[in-house]
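*Asks:* mmCIF, C-alpha atoms and all ligand atoms, file final_15.cif:
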data_model
#
loop_
_atom_site.group_PDB
_atom_site.id
_atom_site.type_symbol
_atom_site.label_atom_id
_atom_site.label_comp_id
_atom_site.auth_asym_id
_atom_site.auth_seq_id
_atom_site.Cartn_x
_atom_site.Cartn_y
_atom_site.Cartn_z
ATOM 1 C CA MET G 1 -40.531 10.223 -143.448
ATOM 2 C CA ARG G 2 -37.439 8.166 -142.551
ATOM 3 C CA ARG G 3 -34.234 10.178 -142.245
ATOM 4 C CA ALA G 4 -30.643 8.943 -142.038
ATOM 5 C CA PHE G 5 -27.406 10.877 -141.456
ATOM 6 C CA ILE G 6 -23.716 10.870 -142.049
ATOM 7 C CA ILE G 7 -21.707 12.295 -139.161
ATOM 8 C CA GLY G 8 -18.084 13.339 -139.395
ATOM 9 C CA TRP G 9 -15.802 16.262 -138.584
ATOM 10 C CA PRO G 10 -15.626 17.620 -141.227
ATOM 11 C CA VAL G 11 -18.363 15.997 -143.298
ATOM 12 C CA GLU G 12 -18.995 18.466 -146.157
ATOM 13 C CA HIS G 13 -16.850 16.429 -148.577
ATOM 14 C CA SER G 14 -18.935 13.252 -148.208
ATOM 15 C CA ARG G 15 -20.567 11.832 -151.333
ATOM 16 C CA SER G 16 -22.842 9.528 -149.322
ATOM 17 C CA PRO G 17 -25.878 11.867 -149.618
ATOM 18 C CA LEU G 18 -25.623 11.667 -153.403
ATOM 19 C CA ILE G 19 -25.588 7.857 -153.263
ATOM 20 C CA HIS G 20 -28.472 7.419 -150.801
ATOM 21 C CA ARG G 21 -30.655 10.115 -152.366
ATOM 22 C CA TYR G 22 -30.197 8.415 -155.752
ATOM 23 C CA TRP G 23 -31.493 5.137 -154.266
ATOM 24 C CA LEU G 24 -34.367 6.861 -152.429
ATOM 25 C CA LYS G 25 -35.489 8.402 -155.705
ATOM 26 C CA ARG G 26 -35.046 5.234 -157.771
ATOM 27 C CA LEU G 27 -36.974 3.137 -155.233
ATOM 28 C CA HIS G 28 -39.690 5.810 -154.709
ATOM 29 C CA ILE G 29 -39.068 5.887 -150.961
ATOM 30 C CA GLU G 30 -40.035 8.991 -149.063
ATOM 31 C CA GLY G 31 -36.963 9.680 -146.975
ATOM 32 C CA ASP G 32 -33.818 11.739 -146.707
ATOM 33 C CA TYR G 33 -30.120 11.355 -145.972
ATOM 34 C CA GLU G 34 -28.331 14.355 -144.488
ATOM 35 C CA ARG G 35 -24.818 15.480 -143.645
ATOM 36 C CA VAL G 36 -24.525 16.376 -139.945
ATOM 37 C CA PRO G 37 -21.231 17.886 -138.767
ATOM 38 C CA VAL G 38 -20.538 16.514 -135.266
ATOM 39 C CA SER G 39 -17.391 17.489 -133.380
ATOM 40 C CA PRO G 40 -15.638 14.873 -131.214
ATOM 41 C CA ASP G 41 -16.927 16.628 -128.069
ATOM 42 C CA ALA G 42 -20.519 16.419 -129.294
ATOM 43 C CA LEU G 43 -20.443 12.762 -130.410
ATOM 44 C CA GLU G 44 -21.826 11.162 -127.247
ATOM 45 C CA ASP G 45 -24.774 13.579 -127.077
ATOM 46 C CA PHE G 46 -25.562 13.105 -130.756
ATOM 47 C CA LEU G 47 -25.545 9.299 -130.476
ATOM 48 C CA ALA G 48 -27.803 9.442 -127.419
ATOM 49 C CA SER G 49 -30.297 11.810 -129.047
ATOM 50 C CA PHE G 50 -30.428 11.180 -132.809
ATOM 51 C CA ALA G 51 -33.596 9.091 -132.561
ATOM 52 C CA ASP G 52 -35.315 12.000 -130.751
ATOM 53 C CA GLN G 53 -34.217 14.235 -133.641
ATOM 54 C CA GLY G 54 -36.114 11.978 -136.054
ATOM 55 C CA PHE G 55 -33.210 9.949 -137.457
ATOM 56 C CA VAL G 56 -33.445 6.155 -137.892
ATOM 57 C CA GLY G 57 -29.660 5.750 -138.087
ATOM 58 C CA GLY G 58 -26.772 6.701 -140.284
ATOM 59 C CA ASN G 59 -23.148 6.517 -141.290
ATOM 60 C CA VAL G 60 -20.074 7.451 -139.318
ATOM 61 C CA THR G 61 -16.923 8.779 -140.909
ATOM 62 C CA ILE G 62 -13.555 10.158 -139.788
ATOM 63 C CA PRO G 63 -12.780 10.781 -136.935
ATOM 64 C CA HIS G 64 -15.676 9.004 -135.178
ATOM 65 C CA LYS G 65 -15.536 5.356 -136.323
ATOM 66 C CA GLU G 66 -13.709 4.047 -133.259
ATOM 67 C CA ALA G 67 -15.398 6.282 -130.668
ATOM 68 C CA ALA G 68 -18.871 5.398 -132.028
ATOM 69 C CA PHE G 69 -18.030 1.696 -131.691
ATOM 70 C CA ARG G 70 -17.593 2.193 -127.938
ATOM 71 C CA PHE G 71 -21.102 3.653 -127.602
ATOM 72 C CA CYS G 72 -22.835 0.745 -129.389
ATOM 73 C CA GLY G 73 -24.911 -1.658 -127.301
ATOM 74 C CA ALA G 74 -24.550 -4.353 -129.956
ATOM 75 C CA THR G 75 -22.351 -4.785 -133.007
ATOM 76 C CA THR G 76 -21.804 -7.218 -135.839
ATOM 77 C CA GLN G 77 -18.896 -9.627 -135.554
ATOM 78 C CA VAL G 78 -16.812 -7.704 -138.078
ATOM 79 C CA ALA G 79 -17.295 -4.410 -136.199
ATOM 80 C CA ALA G 80 -16.304 -6.124 -132.944
ATOM 81 C CA GLN G 81 -13.163 -7.486 -134.564
ATOM 82 C CA LEU G 82 -12.225 -4.125 -136.102
ATOM 83 C CA GLU G 83 -13.360 -2.073 -133.060
ATOM 84 C CA ALA G 84 -14.785 0.528 -135.443
ATOM 85 C CA VAL G 85 -18.212 1.166 -136.980
ATOM 86 C CA ASN G 86 -19.357 3.076 -140.044
ATOM 87 C CA THR G 87 -23.083 2.197 -139.950
ATOM 88 C CA LEU G 88 -25.540 2.712 -137.057
ATOM 89 C CA TRP G 89 -29.202 1.922 -136.452
ATOM 90 C CA ILE G 90 -31.546 1.485 -133.513
ATOM 91 C CA ASP G 91 -33.055 -1.908 -132.763
ATOM 92 C CA GLY G 92 -35.136 -2.606 -129.644
ATOM 93 C CA GLY G 93 -34.072 0.757 -128.240
ATOM 94 C CA ASN G 94 -30.436 -0.296 -128.524
ATOM 95 C CA LEU G 95 -27.714 1.350 -130.651
ATOM 96 C CA HIS G 96 -26.405 -1.211 -133.167
ATOM 97 C CA GLY G 97 -23.245 -0.841 -135.234
ATOM 98 C CA ASP G 98 -21.704 -2.501 -138.269
ATOM 99 C CA ASN G 99 -18.542 -1.957 -140.271
ATOM 100 C CA THR G 100 -19.321 -2.367 -143.960
ATOM 101 C CA ASP G 101 -15.960 -1.328 -145.453
ATOM 102 C CA ALA G 102 -14.639 -4.906 -145.609
ATOM 103 C CA ALA G 103 -17.798 -6.220 -147.291
ATOM 104 C CA GLY G 104 -17.795 -3.181 -149.596
ATOM 105 C CA PHE G 105 -14.253 -3.900 -150.749
ATOM 106 C CA LEU G 106 -15.036 -7.585 -151.331
ATOM 107 C CA ALA G 107 -18.234 -6.835 -153.271
ATOM 108 C CA ALA G 108 -16.316 -4.401 -155.477
ATOM 109 C CA ILE G 109 -13.409 -6.707 -156.241
ATOM 110 C CA ASP G 110 -15.735 -9.699 -156.788
ATOM 111 C CA GLU G 111 -17.654 -7.632 -159.325
ATOM 112 C CA GLU G 112 -14.729 -6.015 -161.105
ATOM 113 C CA ALA G 113 -12.034 -8.697 -160.978
ATOM 114 C CA PRO G 114 -13.882 -12.032 -161.081
ATOM 115 C CA GLY G 115 -11.831 -14.996 -159.873
ATOM 116 C CA TRP G 116 -9.365 -12.767 -157.988
ATOM 117 C CA GLY G 117 -9.580 -14.745 -154.740
ATOM 118 C CA LYS G 118 -8.899 -18.228 -156.104
ATOM 119 C CA ASP G 119 -5.787 -19.555 -154.451
ATOM 120 C CA LEU G 120 -4.807 -16.172 -153.004
ATOM 121 C CA GLY G 121 -1.191 -16.329 -151.890
ATOM 122 C CA LYS G 122 0.669 -13.134 -151.126
ATOM 123 C CA VAL G 123 -1.041 -9.754 -150.819
ATOM 124 C CA VAL G 124 0.716 -6.421 -150.297
ATOM 125 C CA VAL G 125 -1.243 -3.696 -148.507
ATOM 126 C CA LEU G 126 0.148 -0.153 -148.457
ATOM 127 C CA GLY G 127 -1.003 1.641 -145.302
ATOM 128 C CA ALA G 128 -2.058 0.586 -141.815
ATOM 129 C CA GLY G 129 -4.840 3.055 -140.942
ATOM 130 C CA GLY G 130 -8.573 2.488 -140.495
ATOM 131 C CA ALA G 131 -9.266 1.466 -144.086
ATOM 132 C CA ALA G 132 -6.296 -0.937 -144.105
ATOM 133 C CA ARG G 133 -7.707 -2.661 -141.032
ATOM 134 C CA SER G 134 -10.993 -3.428 -142.827
ATOM 135 C CA ILE G 135 -9.315 -4.523 -146.017
ATOM 136 C CA ILE G 136 -6.824 -6.816 -144.318
ATOM 137 C CA TYR G 137 -9.678 -8.383 -142.329
ATOM 138 C CA ALA G 138 -11.532 -8.978 -145.623
ATOM 139 C CA LEU G 139 -8.476 -10.486 -147.319
ATOM 140 C CA ILE G 140 -7.824 -12.874 -144.449
ATOM 141 C CA MET G 141 -11.508 -13.914 -144.448
ATOM 142 C CA ARG G 142 -11.051 -14.772 -148.132
ATOM 143 C CA GLY G 143 -8.051 -16.950 -147.374
ATOM 144 C CA ALA G 144 -5.008 -14.756 -148.134
ATOM 145 C CA ARG G 145 -2.041 -16.810 -146.933
ATOM 146 C CA GLU G 146 0.407 -13.932 -146.480
ATOM 147 C CA VAL G 147 -0.326 -10.217 -146.044
ATOM 148 C CA LEU G 148 2.599 -7.799 -146.124
ATOM 149 C CA VAL G 149 1.624 -4.465 -144.606
ATOM 150 C CA ILE G 150 3.897 -1.682 -145.804
ATOM 151 C CA ASN G 151 3.519 1.486 -143.762
ATOM 152 C CA ARG G 152 5.494 4.624 -142.958
ATOM 153 C CA THR G 153 4.903 3.933 -139.239
ATOM 154 C CA ILE G 154 5.846 0.280 -138.820
ATOM 155 C CA ALA G 155 4.332 0.104 -135.309
ATOM 156 C CA ARG G 156 0.853 0.483 -136.848
ATOM 157 C CA GLY G 157 1.524 -2.526 -139.091
ATOM 158 C CA GLN G 158 2.678 -4.495 -136.058
ATOM 159 C CA ASP G 159 -0.524 -3.530 -134.248
ATOM 160 C CA LEU G 160 -2.538 -4.956 -137.162
ATOM 161 C CA ARG G 161 -0.616 -8.212 -136.836
ATOM 162 C CA ARG G 162 -1.565 -8.408 -133.128
ATOM 163 C CA ARG G 163 -5.212 -7.705 -133.936
ATOM 164 C CA LEU G 164 -5.722 -9.734 -137.076
ATOM 165 C CA GLY G 165 -3.247 -12.593 -136.902
ATOM 166 C CA ALA G 166 0.017 -14.151 -137.840
ATOM 167 C CA ALA G 167 -0.566 -14.135 -141.606
ATOM 168 C CA ILE G 168 0.400 -10.447 -141.432
ATOM 169 C CA ALA G 169 3.977 -9.136 -141.557
ATOM 170 C CA ALA G 170 4.738 -5.446 -140.955
ATOM 171 C CA LYS G 171 7.313 -3.896 -143.305
ATOM 172 C CA SER G 172 8.600 -0.487 -144.345
ATOM 173 C CA PHE G 173 8.546 1.138 -147.794
ATOM 174 C CA ALA G 174 12.218 0.162 -148.172
ATOM 175 C CA ASP G 175 11.068 -3.485 -148.308
ATOM 176 C CA LEU G 176 8.590 -2.836 -151.125
ATOM 177 C CA PRO G 177 10.533 -4.087 -154.184
ATOM 178 C CA GLY G 178 11.082 -7.507 -152.584
ATOM 179 C CA ALA G 179 7.515 -7.587 -151.281
ATOM 180 C CA LEU G 180 6.034 -7.041 -154.746
ATOM 181 C CA ALA G 181 7.769 -10.056 -156.294
ATOM 182 C CA ASP G 182 5.227 -12.914 -156.351
ATOM 183 C CA ALA G 183 2.352 -10.777 -155.014
ATOM 184 C CA ASP G 184 -1.111 -11.696 -156.322
ATOM 185 C CA LEU G 185 -2.673 -8.425 -155.243
ATOM 186 C CA LEU G 186 -1.464 -4.941 -154.289
ATOM 187 C CA VAL G 187 -3.864 -2.598 -152.473
ATOM 188 C CA ASN G 188 -3.121 1.044 -151.705
ATOM 189 C CA THR G 189 -4.981 2.130 -148.558
ATOM 190 C CA THR G 190 -2.829 5.169 -147.791
ATOM 191 C CA SER G 191 -4.064 8.633 -148.637
ATOM 192 C CA LEU G 192 -1.030 9.088 -150.919
ATOM 193 C CA GLY G 193 -2.068 9.816 -154.505
ATOM 194 C CA MET G 194 -5.293 11.457 -153.388
ATOM 195 C CA ARG G 195 -5.902 14.926 -154.837
ATOM 196 C CA GLY G 196 -4.205 17.434 -152.541
ATOM 197 C CA GLU G 197 -1.958 14.805 -150.919
ATOM 198 C CA ALA G 198 1.620 13.790 -151.713
ATOM 199 C CA PRO G 199 2.027 11.394 -154.674
ATOM 200 C CA LEU G 200 2.507 7.655 -154.215
ATOM 201 C CA GLU G 201 5.779 6.962 -155.976
ATOM 202 C CA ILE G 202 6.433 3.265 -156.409
ATOM 203 C CA ASP G 203 7.867 1.094 -159.143
ATOM 204 C CA LEU G 204 5.495 -1.710 -160.091
ATOM 205 C CA SER G 205 7.979 -3.576 -162.279
ATOM 206 C CA PRO G 206 8.645 -6.382 -159.725
ATOM 207 C CA LEU G 207 4.937 -7.374 -159.747
ATOM 208 C CA PRO G 208 4.155 -10.553 -161.693
ATOM 209 C CA ALA G 209 1.861 -10.294 -164.742
ATOM 210 C CA ARG G 210 -0.999 -12.049 -162.894
ATOM 211 C CA ALA G 211 -1.146 -9.382 -160.154
ATOM 212 C CA ILE G 212 -4.167 -7.151 -159.606
ATOM 213 C CA VAL G 213 -3.607 -3.561 -158.444
ATOM 214 C CA ALA G 214 -6.323 -1.863 -156.355
ATOM 215 C CA ASP G 215 -6.392 1.700 -155.077
ATOM 216 C CA ILE G 216 -9.103 2.656 -152.580
ATOM 217 C CA VAL G 217 -8.426 6.345 -153.153
ATOM 218 C CA TYR G 218 -11.259 7.578 -155.390
ATOM 219 C CA VAL G 219 -10.355 11.253 -155.939
ATOM 220 C CA PRO G 220 -9.084 11.117 -158.651
ATOM 221 C CA LEU G 221 -10.749 7.988 -159.997
ATOM 222 C CA GLU G 222 -7.676 6.993 -161.933
ATOM 223 C CA THR G 223 -4.693 7.498 -159.656
ATOM 224 C CA ASP G 224 -1.096 7.438 -160.894
ATOM 225 C CA LEU G 225 -0.801 3.979 -159.331
ATOM 226 C CA LEU G 226 -3.675 2.633 -161.446
ATOM 227 C CA ARG G 227 -2.384 4.375 -164.565
ATOM 228 C CA GLN G 228 1.028 2.768 -164.084
ATOM 229 C CA ALA G 229 -0.565 -0.654 -163.512
ATOM 230 C CA ARG G 230 -2.748 -0.333 -166.594
ATOM 231 C CA ALA G 231 0.283 0.660 -168.667
ATOM 232 C CA ARG G 232 1.856 -2.618 -167.573
ATOM 233 C CA GLY G 233 -1.277 -4.508 -168.659
ATOM 234 C CA LEU G 234 -2.279 -5.459 -165.084
ATOM 235 C CA ARG G 235 -5.894 -5.734 -163.914
ATOM 236 C CA THR G 236 -6.913 -2.714 -161.811
ATOM 237 C CA LEU G 237 -9.644 -1.657 -159.382
ATOM 238 C CA SER G 238 -10.458 1.918 -158.321
ATOM 239 C CA GLY G 239 -11.953 3.011 -154.976
ATOM 240 C CA LEU G 240 -15.346 3.826 -156.484
ATOM 241 C CA GLY G 241 -16.804 0.309 -156.230
ATOM 242 C CA MET G 242 -15.923 0.062 -152.518
ATOM 243 C CA LEU G 243 -17.456 3.486 -151.837
ATOM 244 C CA LEU G 244 -20.728 2.420 -153.474
ATOM 245 C CA HIS G 245 -20.960 -1.129 -152.110
ATOM 246 C CA GLN G 246 -20.179 -0.157 -148.490
ATOM 247 C CA ALA G 247 -23.353 1.972 -148.581
ATOM 248 C CA VAL G 248 -25.735 -0.909 -149.396
ATOM 249 C CA PRO G 249 -26.247 -2.491 -145.914
ATOM 250 C CA GLY G 250 -26.980 0.855 -144.230
ATOM 251 C CA PHE G 251 -29.635 1.787 -146.771
ATOM 252 C CA GLU G 252 -31.281 -1.587 -146.250
ATOM 253 C CA HIS G 253 -31.350 -1.110 -142.444
ATOM 254 C CA TRP G 254 -32.798 2.398 -142.559
ATOM 255 C CA PHE G 255 -35.164 2.207 -145.515
ATOM 256 C CA GLY G 256 -36.057 -1.499 -145.694
ATOM 257 C CA ARG G 257 -35.035 -2.233 -149.299
ATOM 258 C CA LYS G 258 -31.746 -3.603 -150.634
ATOM 259 C CA PRO G 259 -30.488 -1.125 -153.252
ATOM 260 C CA GLU G 260 -28.405 -1.950 -156.314
ATOM 261 C CA VAL G 261 -25.083 -0.548 -157.420
ATOM 262 C CA THR G 262 -26.056 0.272 -160.990
ATOM 263 C CA ALA G 263 -24.048 1.602 -163.926
ATOM 264 C CA GLU G 264 -26.154 4.753 -163.679
ATOM 265 C CA LEU G 265 -25.128 5.285 -160.030
ATOM 266 C CA ARG G 266 -21.472 4.703 -160.908
ATOM 267 C CA ALA G 267 -21.691 7.296 -163.674
ATOM 268 C CA LEU G 268 -23.409 9.804 -161.360
ATOM 269 C CA ILE G 269 -20.743 9.577 -158.660
ATOM 270 C CA ALA G 270 -17.885 9.400 -161.161
ATOM 271 C CA ALA G 271 -19.128 12.623 -162.788
ATOM 272 C CA ASP G 272 -19.330 14.311 -159.377
ATOM 273 C CA ILE G 273 -15.767 13.237 -158.572
ATOM 274 C CA GLU G 274 -14.470 14.402 -161.929
ATOM 275 C CA LYS G 275 -15.987 17.854 -161.592
ATOM 276 C CA SER G 276 -14.606 18.321 -158.034
HETATM 277 N N1 LIG N 1 -13.036 3.737 -151.416
HETATM 278 C C1 LIG N 1 -13.557 3.798 -150.211
HETATM 279 O O1 LIG N 1 -14.726 3.451 -149.971
HETATM 280 C C2 LIG N 1 -12.702 4.244 -149.054
HETATM 281 C C3 LIG N 1 -13.067 3.920 -147.734
HETATM 282 C C4 LIG N 1 -12.249 4.344 -146.681
HETATM 283 C C5 LIG N 1 -11.116 5.112 -146.954
HETATM 284 N N2 LIG N 1 -10.810 5.425 -148.252
HETATM 285 C C6 LIG N 1 -9.585 6.211 -148.552
HETATM 286 O O2 LIG N 1 -8.484 5.538 -147.983
HETATM 287 C C7 LIG N 1 -7.474 6.463 -147.575
HETATM 288 C C8 LIG N 1 -7.043 6.150 -146.136
HETATM 289 O O3 LIG N 1 -8.156 6.277 -145.254
HETATM 290 P P1 LIG N 1 -8.032 5.847 -143.702
HETATM 291 O O4 LIG N 1 -9.378 6.047 -143.114
HETATM 292 O O5 LIG N 1 -7.374 4.523 -143.573
HETATM 293 O O6 LIG N 1 -7.035 6.988 -143.148
HETATM 294 P P2 LIG N 1 -6.032 6.884 -141.896
HETATM 295 O O7 LIG N 1 -6.572 5.979 -140.857
HETATM 296 O O8 LIG N 1 -5.744 8.300 -141.547
HETATM 297 O O9 LIG N 1 -4.692 6.210 -142.513
HETATM 298 C C9 LIG N 1 -3.889 6.913 -143.442
HETATM 299 C C10 LIG N 1 -2.781 5.996 -143.961
HETATM 300 O O10 LIG N 1 -2.037 6.737 -144.958
HETATM 301 C C11 LIG N 1 -0.661 6.806 -144.546
HETATM 302 N N3 LIG N 1 -0.080 8.108 -144.929
HETATM 303 C C12 LIG N 1 -0.685 9.321 -144.866
HETATM 304 N N4 LIG N 1 0.163 10.276 -145.293
HETATM 305 C C13 LIG N 1 1.330 9.648 -145.621
HETATM 306 C C14 LIG N 1 2.584 10.093 -146.126
HETATM 307 N N5 LIG N 1 2.827 11.388 -146.382
HETATM 308 N N6 LIG N 1 3.552 9.173 -146.368
HETATM 309 C C15 LIG N 1 3.326 7.843 -146.125
HETATM 310 N N7 LIG N 1 2.157 7.367 -145.636
HETATM 311 C C16 LIG N 1 1.164 8.257 -145.391
HETATM 312 C C17 LIG N 1 -0.690 6.647 -143.041
HETATM 313 O O11 LIG N 1 0.589 6.213 -142.588
HETATM 314 P P3 LIG N 1 1.041 6.421 -141.043
HETATM 315 O O12 LIG N 1 0.376 5.301 -140.278
HETATM 316 O O13 LIG N 1 2.514 6.316 -141.084
HETATM 317 O O14 LIG N 1 0.540 7.784 -140.630
HETATM 318 C C18 LIG N 1 -1.790 5.576 -142.883
HETATM 319 O O15 LIG N 1 -1.282 4.294 -143.198
HETATM 320 C C19 LIG N 1 -8.119 7.850 -147.773
HETATM 321 O O16 LIG N 1 -7.634 8.365 -149.003
HETATM 322 C C20 LIG N 1 -9.610 7.578 -147.878
HETATM 323 O O17 LIG N 1 -10.285 8.514 -148.683
HETATM 324 C C21 LIG N 1 -11.563 5.002 -149.298
#
Take the structure I supplied and represent it as structure tokens, if you would.
Ligand SMILES: NC(=O)c1ccc[n+]([C@@H]2O[C@H](COP(=O)([O-])OP(=O)(O)OC[C@H]3O[C@@H](n4cnc5c(N)ncnc54)[C@H](OP(=O)(O)O)[C@@H]3O)[C@@H](O)[C@H]2O)c1
*Replies:*
Amino acid sequence: MRRAFIIGWPVEHSRSPLIHRYWLKRLHIEGDYERVPVSPDALEDFLASFADQGFVGGNVTIPHKEAAFRFCGATTQVAAQLEAVNTLWIDGGNLHGDNTDAAGFLAAIDEEAPGWGKDLGKVVVLGAGGAARSIIYALIMRGAREVLVINRTIARGQDLRRRLGAAIAAKSFADLPGALADADLLVNTTSLGMRGEAPLEIDLSPLPARAIVADIVYVPLETDLLRQARARGLRTLSGLGMLLHQAVPGFEHWFGRKPEVTAELRALIAADIEKS
């Protein structure tokens, strides 16, 4: 039986087991996907020994994405660029790593907002943490001409500019009203607006009518930001699609079949989020 893991510290909150077990059942594959709490001190030992424990690979979540990257013998180009991994597997005795958050975001927005990337001019990204790094990489790959990164800690936005290129400008929240004018896309990658966190309080009125508003927070599914955007008649995207699509490549590596993000899977995870 093939077994995969998700490691994090903590990891109890992860919905990945629900996603992968749904696919295992639907595809009649004998396998399992398990949460494994791994503290930062225990990461190196776990990565060196998971194959001996019967695992074929797994996912990596906070706070291990960057540390796990450093232990990989080989990585995909996107993981090398982002210096962080969320998906691991063994190939030829070597630990391989990928970062599927960027591809997950793109698959979600392609599906839910068709045509969004045609002639992409200005994009505003709120936040400059790990998720922002993946999303900005994805947006630049898709040809965004200008990416304004608005973050509480401006130095983190400036670091993203050094890593990912001159199309990025680092700004503070005070610059937001001007930044929103003429933006084609606004993406919230901060944890603001997440259940249990402080609210994200911004005024969307400067956004043009063509703008799309995405929030990668997925608890709750409809954040105040998305509600405000919908009330203005703007196209919106929740974090659920990214969560589901980022899981696809890992499943394919570990279990040998490419799974589908179905309406049934969406409903299953949405119901789990709503009851939490
Ligand atoms: N949908 C998905 O598949 C998906 C995938 C990954 C992450 N996420 C979600 O994305 C969010 C961010 O994740 P991450 O991994 O990027 O976390 P992270 O690396 O810890 O970054 C957190 C970001 O939020 C900002 N922030 C936090 N508290 C703030 C506050 N009180 N005021 C202003 N800014 C604040 C931080 O600003 P500073 O730099 O100033 O601290 C930073 O930009 C989480 O809610 C996570 O659940 C969703």
*Asks:* List as a compact mmCIF listing (two decimals) with C-alpha atoms, keeping the file's coordinate frame: which residues have an atom within 8 Å of (9.1, -5.0, -140.2), counting all atoms listed in the file?
*Replies:*
# COMPACT_ATOMS: atom_id res chain seq x y z
CA ILE G 154 5.85 0.28 -138.82
CA GLN G 158 2.68 -4.50 -136.06
CA ALA G 169 3.98 -9.14 -141.56
CA ALA G 170 4.74 -5.45 -140.96
CA LYS G 171 7.31 -3.90 -143.30
CA SER G 172 8.60 -0.49 -144.34
*Asks:* Show me which residues line ligand LIG 1 (chain N), defined as having an atom within 6 Å of a ligand atom where all atoms listed in the file count, and present them as number ranges by chain.
*Replies:* G: 127-132, 151-153, 156, 189-192, 194, 198, 216-218, 239-240, 242-243
*Asks:* In terms of the shortest atom-to-atom distance over all atoms listed in the file, which of G:Met1, G:Arg26, G:Ser14, G:Ala271 is closest to Phe55 (chain G)?
*Replies:* G:Met1
*Asks:* Please write as a ChimeraX atom specification the full residue list that the PyMOL selection byres (((chain G and resi 31) around 6) and not hetatm) yields on this file.
*Replies:* /G:1-3,29-30,32
*Asks:* Tell me which of G:Ala181, G:Ala51, G:Val149, G:Val124 sits closest to Leu164 (chain G), counting all atoms listed in the file.
*Replies:*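 Result for the nearest residue to Leu164 (chain G): G:Val149.
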*Asks:* With distances taken over only C-alpha atoms, which of G:Ala270, G:Leu225, G:Val125, G:Leu244 is nearest to Pro199 (chain G)?
*Replies:*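 Ranking G:Ala270, G:Leu225, G:Val125, G:Leu244 by distance to Pro199 (chain G), first place goes to G:Leu225.
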*Asks:* Here is a test: counting only C-alpha atoms, which residue of G:Arg161, G:Arg266, G:His13, G:Lys118 is nearest to Ser238 (chain G)?
*Replies:*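 Among the listed residues, G:Arg266 lies closest to Ser238 (chain G).
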*Asks:* Counting all atoms listed in the file, which of G:Ala155, G:Leu47, G:Ala113, G:Ala179 gets nearest to Ile90 (chain G)?
*Replies:*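 Result for the nearest residue to Ile90 (chain G): G:Leu47.
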*Asks:* Quick one: everything within 12 Å of Glu252 (chain G), counting all atoms listed in the file, minus sequence neighbours fewer than 2 positions away in the same chain. Send it as an MDAnalysis selection string.
*Replies:* chainID G and resid 4 20 23:24 27 29 56:58 87:89 245:250 254:260
*Asks:* Output the residue selection produced by the PyMOL selection byres (((chain G and resi 185) around 9) and not hetatm) on the file above, formatted as an MDAnalysis selection string.
*Replies:* chainID G and resid 116 120:125 180 183:184 186:187 207 210:214
*Asks:* In the coordinate frame of the file, compute which residues have an atom within 12 Å of (-21.7, 5.2, -139.7) when using only C-alpha atoms, and state them as a count of residues only.
*Replies:* 46
*Asks:* Rounded to one decimal in Å, what is the spacing between CA of Gly54 (chain G) and CA of Leu268 (chain G)?
*Replies:*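 These atoms are spaced 28.4 Å apart.
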*Asks:* Would you mind telling me which residue in G:Ala263, G:Ile136, G:Ala108, G:Ala102 lies nearest to Gly157 (chain G) when using all atoms listed in the file?
*Replies:*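 Looking only at the distances to Gly157 (chain G), the closest residue turns out to be G:Ile136.
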*Asks:* Report, in Å with one decimal, the straight-line distance from CA of Glu12 (chain G) to CA of Pro37 (chain G).
*Replies:* 7.7 Å
*Asks:* Using N, CA and C atoms, give me region 96-105 of chain G from the structure I just pasted, as a PDB file, in the first residue's frame.
*Replies:*
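result-v7.pdb written:
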ATOM      1  N   HIS G  96      13.324  14.537  -4.158  1.00  0.00           N
ATOM      2  CA  HIS G  96      12.937  15.562  -5.141  1.00  0.00           C
ATOM      3  C   HIS G  96      11.876  16.480  -4.539  1.00  0.00           C
ATOM      4  N   GLY G  97      11.905  17.757  -4.951  1.00  0.00           N
ATOM      5  CA  GLY G  97      10.923  18.699  -4.438  1.00  0.00           C
ATOM      6  C   GLY G  97      10.331  19.577  -5.530  1.00  0.00           C
ATOM      7  N   ASP G  98       9.069  19.922  -5.335  1.00  0.00           N
ATOM      8  CA  ASP G  98       8.376  20.828  -6.261  1.00  0.00           C
ATOM      9  C   ASP G  98       7.616  21.841  -5.415  1.00  0.00           C
ATOM     10  N   ASN G  99       7.262  22.959  -6.032  1.00  0.00           N
ATOM     11  CA  ASN G  99       6.386  23.922  -5.379  1.00  0.00           C
ATOM     12  C   ASN G  99       5.182  24.089  -6.294  1.00  0.00           C
ATOM     13  N   THR G 100       4.038  23.618  -5.851  1.00  0.00           N
ATOM     14  CA  THR G 100       2.863  23.560  -6.735  1.00  0.00           C
ATOM     15  C   THR G 100       1.861  24.682  -6.453  1.00  0.00           C
ATOM     16  N   ASP G 101       2.215  25.614  -5.557  1.00  0.00           N
ATOM     17  CA  ASP G 101       1.263  26.688  -5.229  1.00  0.00           C
ATOM     18  C   ASP G 101       1.025  27.614  -6.426  1.00  0.00           C
ATOM     19  N   ALA G 102       2.099  27.923  -7.167  1.00  0.00           N
ATOM     20  CA  ALA G 102       1.944  28.828  -8.316  1.00  0.00           C
ATOM     21  C   ALA G 102       1.042  28.178  -9.371  1.00  0.00           C
ATOM     22  N   ALA G 103       1.328  26.913  -9.700  1.00  0.00           N
ATOM     23  CA  ALA G 103       0.515  26.215 -10.698  1.00  0.00           C
ATOM     24  C   ALA G 103      -0.920  26.040 -10.195  1.00  0.00           C
ATOM     25  N   GLY G 104      -1.069  25.836  -8.881  1.00  0.00           N
ATOM     26  CA  GLY G 104      -2.409  25.683  -8.306  1.00  0.00           C
ATOM     27  C   GLY G 104      -3.221  26.954  -8.455  1.00  0.00           C
ATOM     28  N   PHE G 105      -2.578  28.091  -8.198  1.00  0.00           N
ATOM     29  CA  PHE G 105      -3.279  29.375  -8.346  1.00  0.00           C
ATOM     30  C   PHE G 105      -3.679  29.586  -9.807  1.00  0.00           C
TER      31      PHE G 105
END
